[in-house]
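A quick write-up on the structure given underneath.
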Amino acid sequence: MYRDWVETALAQELGPVPAPADLWQRIQNPRTVSRRSVPSRTWNVAALAACAAMALVTMWLHPWRHEIRSSDSRQVRAWVRATSGVDVPLEAQLPAHLQLTGARFSKEQTEIDYRVRTHAARLTIGGRKTASNSTTFSWTMDGKVYTLACGDPEDLRLSCGLCHIG
Amino acid sequence: MVLEANGGQVIQGCQTGDPDAFRIFFEAHKDRVYSIALRYSGNHAAAMDIAQEIFLKVFSSIEDFRGDASVETWLYRIAVNACLDFQRHTERHVPAWGEWIEAVTAKGESILNRLLRAEVEDDVHRVVATLPAEQRIVVVLRYTEGLSYDQIASILGCSPGTVASRLNRAHKILERKLSHLKGMVGNV
């Protein structure tokens, strides 16, 4: 009867295990999960070295504590909420001319990066309120300063679509 | 006041973006999520990736949780989908030298028993990792989580008969591929 020993083996070896202590940190600072085939060991080593070098340069230039790269507005919203406690009501389905690229969080402020048509733009939550002009709009909501910064006045108008349909 | 992790207050807290509620929810379910991910993928690095995907999916979709199913069932469904979606090819797990060192230096057993136990453990994990995805996830839910056929069927959205059939096919594959362990299982 195969079930006796096969089931015993499965019950013995597939039992639950405790989660690693760093899992929560990993959730707060998620990595982009590759879904491509595993490359060769040589490429792994080369990629690792390149990533480490880029990470060091990036950390030197921008000492951010947490960062996520994602175009999924629900994922970005949840990540910002979990890391900073700020709920930015990003639309689940953004208009075609808007695309999120990621977000960062530090002690002082949160930045959500996106593209309007083909131009890079940024929504910053926190920091000082700046004077609004044709490419920058700053307002206060729930005690926090929100600032939209774009390279083009039309992009600023289109950016409303991040949180407001229509 | 102690909040129950699956209680309405914590779920509501998560739905309104309360970081403390997220943390309570995470602490309550982290072992379950990681265990499923590890037993399904067969290695720690992949398990961390899968667990990350599961919790990010939970946090980003908890607003949609309406309580039609239990929190556990909802979480299991997300975990199953994350496992099945995880398409990255995994390299065959070869026990690291450190694992063998750990095995032979563990106290309380003879060296032979430790090595045999390590061999059984490695072979079972290796063969389970080769099962087709739909059979592997049934095996994990059955033996890691101890779920009944009905519970697994509810999570996978299939009949209990389908669950039994997949498990039966998995058992036959495992019996064939692990036949060399037959006399060792339960004795080491």
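Identifiers in the structure tokens: chain A, B, ... in order shown; residue index from 1 per chain; ligand index from 1 in order shown.
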With a cut-off of 8 Å, could you pull out the residues of chain B touching chain A and give me the nearest pair of atoms for each, distance in Å to one decimal, using only C-alpha atoms, ordered by chain and ascending number, as CSV?
```
residue,atom,partner,partner_atom,distance
B:Gly17,CA,A:Arg81,CA,5.7
B:Asp18,CA,A:Gly85,CA,6.6
B:Pro19,CA,A:Ala82,CA,5.2
B:Phe22,CA,A:Ala82,CA,7.1
B:Phe26,CA,A:Trp24,CA,7.7
B:Lys30,CA,A:Ala19,CA,5.9
B:Asp31,CA,A:Ala19,CA,4.7
B:Arg32,CA,A:Pro16,CA,7.0
B:Tyr34,CA,A:Ala19,CA,5.5
B:Ser35,CA,A:Pro16,CA,5.1
B:Ile36,CA,A:Pro16,CA,7.7
B:Arg39,CA,A:Leu14,CA,6.2
B:Met48,CA,A:Leu23,CA,7.2
B:Asp49,CA,A:Val33,CA,6.3
B:Gln52,CA,A:Ile27,CA,5.5
B:Phe55,CA,A:Ile27,CA,7.0
B:Leu56,CA,A:Gln75,CA,6.7
B:Lys57,CA,A:Gln75,CA,7.2
B:Phe59,CA,A:Ala78,CA,5.8
B:Ser60,CA,A:Ala78,CA,4.9
B:Ser61,CA,A:Arg74,CA,7.5
B:Phe86,CA,A:Arg35,CA,7.0
B:Gln87,CA,A:Arg35,CA,5.8
B:Arg88,CA,A:Arg35,CA,4.7
B:His89,CA,A:Ser37,CA,5.3
B:Thr90,CA,A:Val38,CA,7.0
B:Glu91,CA,A:Val38,CA,7.7
B:Val120,CA,A:Ala9,CA,8.0
B:Glu121,CA,A:Glu13,CA,5.8
B:Val124,CA,A:Glu13,CA,6.9
B:His125,CA,A:Glu13,CA,7.5
B:Val140,CA,A:Leu14,CA,7.2
B:Tyr143,CA,A:Ala11,CA,5.5
B:Thr144,CA,A:Gly15,CA,4.6
B:Glu145,CA,A:Pro16,CA,7.0
B:His171,CA,A:Val6,CA,6.8
B:Lys172,CA,A:Tyr2,CA,7.8
B:Leu174,CA,A:Val6,CA,7.0
B:Glu175,CA,A:Val6,CA,6.2
B:Lys182,CA,A:Trp5,CA,6.5
B:Val185,CA,A:Ala9,CA,5.9
B:Gly186,CA,A:Thr8,CA,7.0
```
Given the selection you just returned, output its residues as a file containing C-alpha atoms, formatted as a tab-separated table (two decimals), in the first residue's frame.
```tsv
chain	number	residue	atom	x	y	z
B	17	GLY	CA	-4.81	51.84	5.51
B	18	ASP	CA	-3.84	51.44	9.17
B	19	PRO	CA	-0.17	50.26	9.18
B	22	PHE	CA	-1.35	45.44	8.35
B	26	PHE	CA	1.06	39.90	8.67
B	30	LYS	CA	3.37	35.01	7.90
B	31	ASP	CA	4.24	31.41	8.86
B	32	ARG	CA	1.38	29.98	6.85
B	34	TYR	CA	5.93	31.34	3.94
B	35	SER	CA	5.38	27.61	4.51
B	36	ILE	CA	3.16	27.29	1.45
B	39	ARG	CA	7.01	23.85	0.19
B	48	MET	CA	10.61	34.92	-0.23
B	49	ASP	CA	9.64	36.17	-3.70
B	52	GLN	CA	6.29	39.03	-1.03
B	55	PHE	CA	1.33	39.92	0.94
B	56	LEU	CA	1.49	42.75	-1.60
B	57	LYS	CA	-1.51	41.25	-3.32
B	59	PHE	CA	-2.58	44.52	0.99
B	60	SER	CA	-3.53	45.89	-2.42
B	61	SER	CA	-6.79	43.97	-2.70
B	86	PHE	CA	5.34	31.98	-10.30
B	87	GLN	CA	6.79	30.94	-13.63
B	88	ARG	CA	10.42	31.43	-12.94
B	89	HIS	CA	12.47	28.34	-13.63
B	90	THR	CA	14.11	27.07	-10.52
B	91	GLU	CA	17.41	25.36	-10.45
B	120	VAL	CA	15.07	11.61	2.77
B	121	GLU	CA	14.35	15.30	3.30
B	124	VAL	CA	11.21	14.39	-0.96
B	125	HIS	CA	11.61	18.12	-1.56
B	140	VAL	CA	1.20	21.42	-0.27
B	143	TYR	CA	0.44	18.09	3.86
B	144	THR	CA	1.73	21.53	4.81
B	145	GLU	CA	-1.59	23.02	5.81
B	171	HIS	CA	1.12	9.89	-4.80
B	172	LYS	CA	1.80	7.49	-7.67
B	174	LEU	CA	6.09	10.10	-5.66
B	175	GLU	CA	5.91	6.39	-4.98
B	182	LYS	CA	10.61	3.00	1.03
B	185	VAL	CA	10.81	6.51	5.77
B	186	GLY	CA	9.67	6.39	9.36
```
Problem set entry | d(atom CA of B:Asp20, atom CA of A:Arg104) in Å |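 Going from atom CA of B:Asp20 over to atom CA of A:Arg104 covers 20.1 Å.
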For this session: Name the residues of chain A that fall into alpha helix (DSSP H) according to DSSP on the backbone, using the chain letters and numbers of this document, as JSON, numbers by chain.
Result: {"A": [2, 3, 4, 5, 6, 7, 8, 9, 10, 11, 12, 13, 23, 24, 25, 26, 27, 28, 41, 42, 43, 44, 45, 46, 47, 48, 49, 50, 51, 52, 53, 54, 55, 56, 57, 58, 59, 60, 61, 73, 74, 75, 76, 77, 78, 79, 80, 81, 82, 83, 84, 153, 154, 155, 156, 157, 158]}
For this session: Name the residues in contact with A:Leu98 at a cut-off of 7 Å, using only C-alpha atoms, excluding same-chain residues fewer than 5 positions from it; report them as a list in words.
Result: Tyr114, Arg115, Val116 and Arg117 of chain A
Atoms kept (N, CA and C atoms) for selection, written as a PDB file, in the first residue's frame:
```pdb
ATOM      1  N   TYR A 114       5.587  59.067 -12.066  1.00  0.00           N
ATOM      2  CA  TYR A 114       4.710  58.593 -13.138  1.00  0.00           C
ATOM      3  C   TYR A 114       5.081  59.303 -14.433  1.00  0.00           C
ATOM      4  N   ARG A 115       4.448  58.873 -15.504  1.00  0.00           N
ATOM      5  CA  ARG A 115       4.662  59.514 -16.798  1.00  0.00           C
ATOM      6  C   ARG A 115       3.325  60.030 -17.305  1.00  0.00           C
ATOM      7  N   VAL A 116       3.348  61.262 -17.838  1.00  0.00           N
ATOM      8  CA  VAL A 116       2.176  61.824 -18.488  1.00  0.00           C
ATOM      9  C   VAL A 116       2.488  61.847 -19.975  1.00  0.00           C
ATOM     10  N   ARG A 117       1.693  61.136 -20.741  1.00  0.00           N
ATOM     11  CA  ARG A 117       2.030  60.926 -22.163  1.00  0.00           C
ATOM     12  C   ARG A 117       3.460  60.357 -22.208  1.00  0.00           C
TER      13      ARG A 117
END
```
Exercise. So, counting only C-alpha atoms, which residue among B:Ile62, B:Ala47, B:Ala170, B:Ala69 is closest to B:Val138?
Worked result: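 Distance minimum relative to B:Val138 lands on B:Ala170.
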Problem set entry | Residue contacts of stretch 150-160 of chain A (9 Å, only C-alpha atoms) excluding same-chain residues fewer than 2 positions away, as number ranges by chain | A: 97-98, 116-117, 119-123, 133-137, 148, 162-166
For this session: Enter the distance from atom CA of B:Arg166 to atom CA of B:His29, in Å, rounded to one decimal.
Result: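 Calculated distance between atom CA of B:Arg166 and atom CA of B:His29 is 26.5 Å.
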For this session: Could you tell me how far atom CA of A:His66 lies from atom CA of A:Ser106, in Å and to one decimal?
Result: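 Computing it gives 6.7 Å between the two atoms.
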